[in-house]
Each structure stands twice: as structure tokens, then as C-alpha cells.
Amino acid sequence: MSRQDVSSQQQTFSSWQQTSLITSTLIGVGVLTLPRTTSAILYEAGWMSPLFGSIVAFVSVWMIAKLSQHFPGMTFIEYSTIVWGAKKNSRMGKWLSLPWIILYLGFMYLSTAIVSRIFGEVVVTSVLLDTPLEVIIITMFLLAFILSLHDLEVVARINELLLPMILFPLLFIAFASFQKAEWNNLLPLFRASGSSLIKGAYEAIYSFSGYEIMLIFFAYTHENQSKVRAGFYGIAMGMFVYTLIVVAGIVVFGYEELQRVAWPTLELVKTTQVPGLILERLESAFLAVWVTAVFTTVANAYYAVVYGVRQLFNRGLGFQRVISAIMFIPLYYIALWPQNIVEMFRASSYLGIYSLILNLGIPALYLTMLFFRGVGRKQKERNADG
């Protein structure tokens, strides 16, 4: 192990920093699209979608935290070799774990590209109408690249600093929009069927994806037992924000009107007036907050990818900086692959399926392997003796 990796493993995240990493990664492009996508299936009950969708996220982050508790100080890349390895042939563990590692890193990489593309589409269609889409995407990638040049502690502190700047303005905007609320738009409460609830929950699942970065970052936590609690707090805050945004969209516009706008939350902000006319164009302030939210989503995911590749090759921070610059190039072309907004939403829908399989399947598979092989128990005993 290189000297840089040793220094990284000595870095520890507090419980609040863990929570900040999860919440700031969750809250991103879903803020603008979730009211439309959920109400298209559940109608007036669209606000139930984030509630049911968060159940999957709670279960998944619990499994991820439990996995990390079995291997303190080790990332998913590192303990995968142990889970799949054999005592007499350690090389077997590397080869058997490689497909799962590639699946994980591949999802994070594709998700970074699609989120950046959605961000670019919003900016060029609502604010910077004459700016090329490519410029917007490259700008976001450059910000993520700059963050990836630093070590883990910088990432934790940036998320800790930016989370209040994301959370409080979003809550303020949601509550301020209730001035024009028509609460009858939420009635009837239980018109949606059970199958519709399942479909609606699925629509929210991709908005909740992002917490899988903790397969990397949970390795550097200050307290091993705080991981489950931090994961639950992070998901709960994301669930509250998304539910509030969907409720605000439905009570102001109604579910039918929401289907006619591509970015319903942005339209919601345009109809909201701050008392005293402190801000006449509230959407400008909202977009500034939203850019910050998307940055944490993109940058955290990209950092998890390049850091995972760094550990896969057992290299130091210098290698991470080089690989970050190299991976920047294909990421740009992947982001531009969808030819229009319809293909972009279709790609994000496919990523939602990918996210569901990844976030539930891989942790469940690893925990099952640990149960039958007893690897985790032996590792815990070894750590306790140490």
C-alpha cells in the first residue's frame, strides 16, 4: 500500500460529515423532475412516491453500513477481494470480485454523465439560452475534476459546508410556495392502486440513488457504529425534501398541469413571491442553490469512481489525479450521447433499473456470502483483538 493510501485511511469522517455526504448527493436533478414523474402515475397521491421509494433506500443503506461495519477501514474495492477470496488462492478473490467492482464503478460513472446532461439541459433551456450545451457540461466536469485532485478530507468538508446552503433554501422555497396552495388538489387521498404505488416508488428510486458512494466513504468514518445512524439520517432528510417539493407542486398546479411542464419545480419557483418583494426573481436564487446541489451530486459520484479506480490498481493520490483527467474525456461524450431530451429521460429511466439492482443486489449478495462463509465474523474478531 502506498504512503498516500495510508494517510487517507487515517482520515476520519464525523457522523455529521457522513450524513452530509449522503444528503448532498441525494438532492440533485430529482428536485426539478420528481413532481411531474410521480404525479403522472399516482395523480394526487404523487407525494407518496418519495415515501415508498425511500424504503428501498433505507434498506440498501442499512446493508451497505452493515457491510462496512464488518470491514472497518476498508472500502468496497478492498473487502470485495476478501469476500470472494479463497485461503489458498488470494488471486481468485481478485478475479471473482472484479465483475461486481466494475458494475459499481460503471454505474457511478454513467450516473455522473446523465446527471450532468440533465443539468446542462435545464440551464440552456431556462437561463443561458445562447450558451452551448457542451460548455455547460464541461464546466460542471471541470468542477468535479478539481475536487478529485484533493484527498478525502476535502470532499467531506465541502459537503459539510454546502449542505445547509442547499437544504435551507429548498425548504424555504417549498414552504413559501404554499401561499398559492389549493389543498383540494391532494384529494382524493387513496385513489391510486397498489400496483401504481409500486410504479410510483420506482420513479423515486433513481432520485434517491447516490448513497452508494458510501461503499467507498464509509471506510473512513470516525465511529464504526455510527454508520447506520448516519445513513438513516441522510436518507430521511432527502426523503423530507423530495416529499415536500412534490406536495408543493401538486397543491399549487394540480397533477394534470404538472404533466405539461418539463421542469415543474422551476415553474413553481417562478410563481412564488417572497413577502416584501425582497427577491423579485426568485428563480435566479433557486438556480444558484440547485447548481450547488447538482455539483455535490456529480462531484461526489465522480470522486468515488476515480478513488475506486485508484484503489483497484493500489496506487496513490498522484495516480488518482492522472486517471481523473483521463476519465474526464469519455465522460463528456457519454453525457452527449442522448440526442434529445426524450432519449435523456429514457436513459435516466434505465439507470433507475440499474440503480435498483445494484443498490439492493450487491449488498444483499455480499452479506449472504459473509453469512455462509463466516468471513465477516472472523474479520470482526480480528479487529477486536487488534
# chains A, B, ... in the order shown; residues from 1 in each chain; ligands from 1
$ residues_around --residues "Glu283 of chain A" --least-positions-apart "6" --cutoff "7 Å" --atoms "only C-alpha atoms" --output "ChimeraX atom specification"
/A:266,269-270
$ closest_atom_pairs --of "segment 89-195 of chain A" --to "segment 218-236 of chain A" --cutoff "12 Å" --atoms "only C-alpha atoms" --output "Markdown table"
| residue | atom | partner | partner_atom | distance |
| --- | --- | --- | --- | --- |
| A:Asp151 | CA | A:Tyr220 | CA | 11.8 |
| A:Leu152 | CA | A:Tyr220 | CA | 8.7 |
| A:Glu153 | CA | A:Tyr220 | CA | 9.3 |
| A:Val155 | CA | A:Tyr220 | CA | 12.0 |
| A:Ala156 | CA | A:Tyr220 | CA | 10.2 |
| A:Leu163 | CA | A:Gly234 | CA | 10.9 |
| A:Leu167 | CA | A:Gly234 | CA | 11.8 |
$ residues_around --residues "Ala113 of chain A" --least-positions-apart "4" --cutoff "9 Å" --atoms "only C-alpha atoms" --output "list in words"
Met108, Tyr109, Arg117, Ile118, Ile137, Phe141, Val298, Leu331, Tyr332, Tyr333, Ile334, Ala335 and Leu336 of chain A
$ atom_distance --atom1 "atom CA of Asn159 of chain A" --atom2 "atom CA of Ser20 of chain A"
5.8 Å
$ decode --residues "segment 82-114 of chain A" --atoms "C-alpha atoms" --output "PDB file, in the first residue's frame"
ATOM      1  CA  ILE A  82     -11.747 -10.867   0.991  1.00  0.00           C
ATOM      2  CA  VAL A  83     -15.422 -11.731   0.486  1.00  0.00           C
ATOM      3  CA  TRP A  84     -14.776 -13.616  -2.753  1.00  0.00           C
ATOM      4  CA  GLY A  85     -11.281 -14.836  -1.957  1.00  0.00           C
ATOM      5  CA  ALA A  86     -10.007 -18.271  -1.004  1.00  0.00           C
ATOM      6  CA  LYS A  87      -7.415 -19.000   1.667  1.00  0.00           C
ATOM      7  CA  LYS A  88      -5.157 -20.958  -0.661  1.00  0.00           C
ATOM      8  CA  ASN A  89      -5.611 -18.699  -3.699  1.00  0.00           C
ATOM      9  CA  SER A  90      -5.949 -14.986  -2.991  1.00  0.00           C
ATOM     10  CA  ARG A  91      -5.777 -14.213  -6.698  1.00  0.00           C
ATOM     11  CA  MET A  92      -9.139 -15.952  -7.125  1.00  0.00           C
ATOM     12  CA  GLY A  93     -10.746 -13.331  -4.892  1.00  0.00           C
ATOM     13  CA  LYS A  94      -9.446 -10.537  -7.118  1.00  0.00           C
ATOM     14  CA  TRP A  95     -10.867 -12.095 -10.274  1.00  0.00           C
ATOM     15  CA  LEU A  96     -14.228 -13.093  -8.745  1.00  0.00           C
ATOM     16  CA  SER A  97     -14.751  -9.654  -7.215  1.00  0.00           C
ATOM     17  CA  LEU A  98     -13.788  -7.757 -10.387  1.00  0.00           C
ATOM     18  CA  PRO A  99     -17.228  -8.018 -12.140  1.00  0.00           C
ATOM     19  CA  TRP A 100     -19.001  -6.542  -9.101  1.00  0.00           C
ATOM     20  CA  ILE A 101     -16.481  -3.755  -8.764  1.00  0.00           C
ATOM     21  CA  ILE A 102     -16.848  -2.909 -12.466  1.00  0.00           C
ATOM     22  CA  LEU A 103     -20.652  -2.914 -12.135  1.00  0.00           C
ATOM     23  CA  TYR A 104     -20.426  -0.479  -9.239  1.00  0.00           C
ATOM     24  CA  LEU A 105     -17.882   1.863 -10.797  1.00  0.00           C
ATOM     25  CA  GLY A 106     -19.689   1.689 -14.150  1.00  0.00           C
ATOM     26  CA  PHE A 107     -22.975   2.781 -12.617  1.00  0.00           C
ATOM     27  CA  MET A 108     -21.372   5.700 -10.793  1.00  0.00           C
ATOM     28  CA  TYR A 109     -19.628   6.751 -13.995  1.00  0.00           C
ATOM     29  CA  LEU A 110     -22.781   6.623 -16.141  1.00  0.00           C
ATOM     30  CA  SER A 111     -24.831   8.338 -13.455  1.00  0.00           C
ATOM     31  CA  THR A 112     -22.324  11.200 -13.356  1.00  0.00           C
ATOM     32  CA  ALA A 113     -22.715  11.691 -17.110  1.00  0.00           C
ATOM     33  CA  ILE A 114     -26.536  11.618 -17.153  1.00  0.00           C
TER      34      ILE A 114
END
